[in-house]
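Have a look at the structure below, then the notes.
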Amino acid sequence: MIAMRLRQFFVYSLCFASLFFFLACSSIPRENTDSRMDEIDSPFLVTGTNDSPILPLPSEEAVPSASRLVLTFGGDIMAHTPNFRMADYSMIYEDIEEIIQNDDLTFANLETPVHDGRPYESYPTFNVQPDYAQAAIDAGFDVFSLANNHTNDQGLQGMERTLAFFLSKEAEGVYAAGIKPAGYQGLTYQLIEKDDWKILFVAVTEILNSFTDYQKLDYVAPSASRRKTLFQELAQLRQENPCDVFVLSLHTCEDEYVHEITQVRRDFYRSLLDSGVDFVWANHPHLAKEWEVFTAQEEAFPHAMAMYALGNTISGQRTNPQFTKPETNRDYTGDGYLIQVELEKATGDSDFKITAITPHLITTYIDESKNYLIRRLNEGFIQELRNEGNEKWATYLAARKALMEKIGRKDVVR
């Protein structure tokens, strides 16, 4: 615990030091809000539950001759010792393959370098071999953010090896952003084509554990002046790369293991949307937070989302589940969400509508062989545990499910 607090002090000292490094110390000023940004109990959308889609009410605005795109957003793929000591990494993802193989693109934040010249390493400086990352790809993840506070854990060579691994996978339909090729200036990006859809993807981090060779990755200092420049860069990228959907991965400079979302951060994300981004997909806190769905006035369908954190998709942070105190804050590191979003547009058009949002609650389950496995946290799995006589885990996960379902969606008219 002392080590964790010392690390947090070190990381956030760097985070705040970066403000002075870039000569900009103030936060983004809060925007004036009006009726266009009111939080609402949406009159347009039916509230859904875990594993059930949230569908719009019938509307005359339903898209005729629609082209459809399904995106799934996950959280952090970590690699602690309990994860990489497993004999078969494919076991990690077996229970969610049905979800992430039946969409068009699945996004994850890979929070470790992939350096084939170094051994596996756990906290505080991570590293995995290609087979660990390949297991996630084989399971169905195909778009990766490589920009986070652990990107440079193995220095320049680690970033180069990580980038080389993902470049070798592009021919297989795997995409990544966040690490710059040699000599590259500006933000890296991917323009992904799926049928008649074009998806622009950018990944940035506003937090670093060290400044070692940080110019190699897409780092954006969390200062007012740098964020203003970021808005301009994102707007220019969209203008120069005509697309249907713009997804921004943001690794955030904020306290880990904290549920609250500041108004400054909400305003920052809305400014990102104003810059041309359609989906702000954030990670770093290692627990799930709410997500906001934005609908324009007089419209029946949403047009944008801000996901403040989706938690860990897989990690080894649940090493000591508090079976008698499931509400313990650290236990939230064992749960997360896969958010599946269905988009539609008229054939040949570029304006899409969000027609369904399906949240899938997931949990890290430790089996009798100490394998750390992703399982869908639903009544079916809890009953399966009870049928096996595993009442301890069944009771614990039932309580965790109830706690996690308090985290969810907020509808905003904007």
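For the structure tokens, the naming scheme is as follows: chains receive sequential letters (A, B, ...) according to their order of presentation, residues are indexed from 1 within each chain, and ligands are indexed from 1 in presentation order.
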Mind checking DSSP for stretch 127-356 of chain A and telling me the strand (DSSP E or B) residues as a ChimeraX atom specification? /A:127-128,143-145,175-177,179,190-194,197-205,217,219,245-251,279-283,288,291-295,304-307,310-314,335-346,353-356
Quick one: of A:Glu193, A:Gln154, A:Ile137, A:Asp255, who's nearest to A:Phe166, counting only C-alpha atoms? A:Ile137
If you take only C-alpha atoms and a cut-off of 12 Å, which residues of stretch 77-133 of chain A touch stretch 251-254 of chain A, and what are their nearest atom pairs and distances in Å to one decimal, in chain and number order, as JSON lines?
```
{"residue": "A:Ala108", "atom": "CA", "partner": "A:His251", "partner_atom": "CA", "distance": 11.7}
{"residue": "A:Asn109", "atom": "CA", "partner": "A:His251", "partner_atom": "CA", "distance": 8.7}
{"residue": "A:Leu110", "atom": "CA", "partner": "A:His251", "partner_atom": "CA", "distance": 11.0}
{"residue": "A:Glu111", "atom": "CA", "partner": "A:His251", "partner_atom": "CA", "distance": 10.1}
```
Closest of A:Leu373, A:Leu403, A:Leu208, A:Leu248 to A:Ser90, counting only C-alpha atoms, is A:Leu373
Smallest atom-to-atom distance to A:Gly178: which of A:Leu146, A:Met305, A:Ala288, A:Ile207, using only C-alpha atoms? A:Leu146
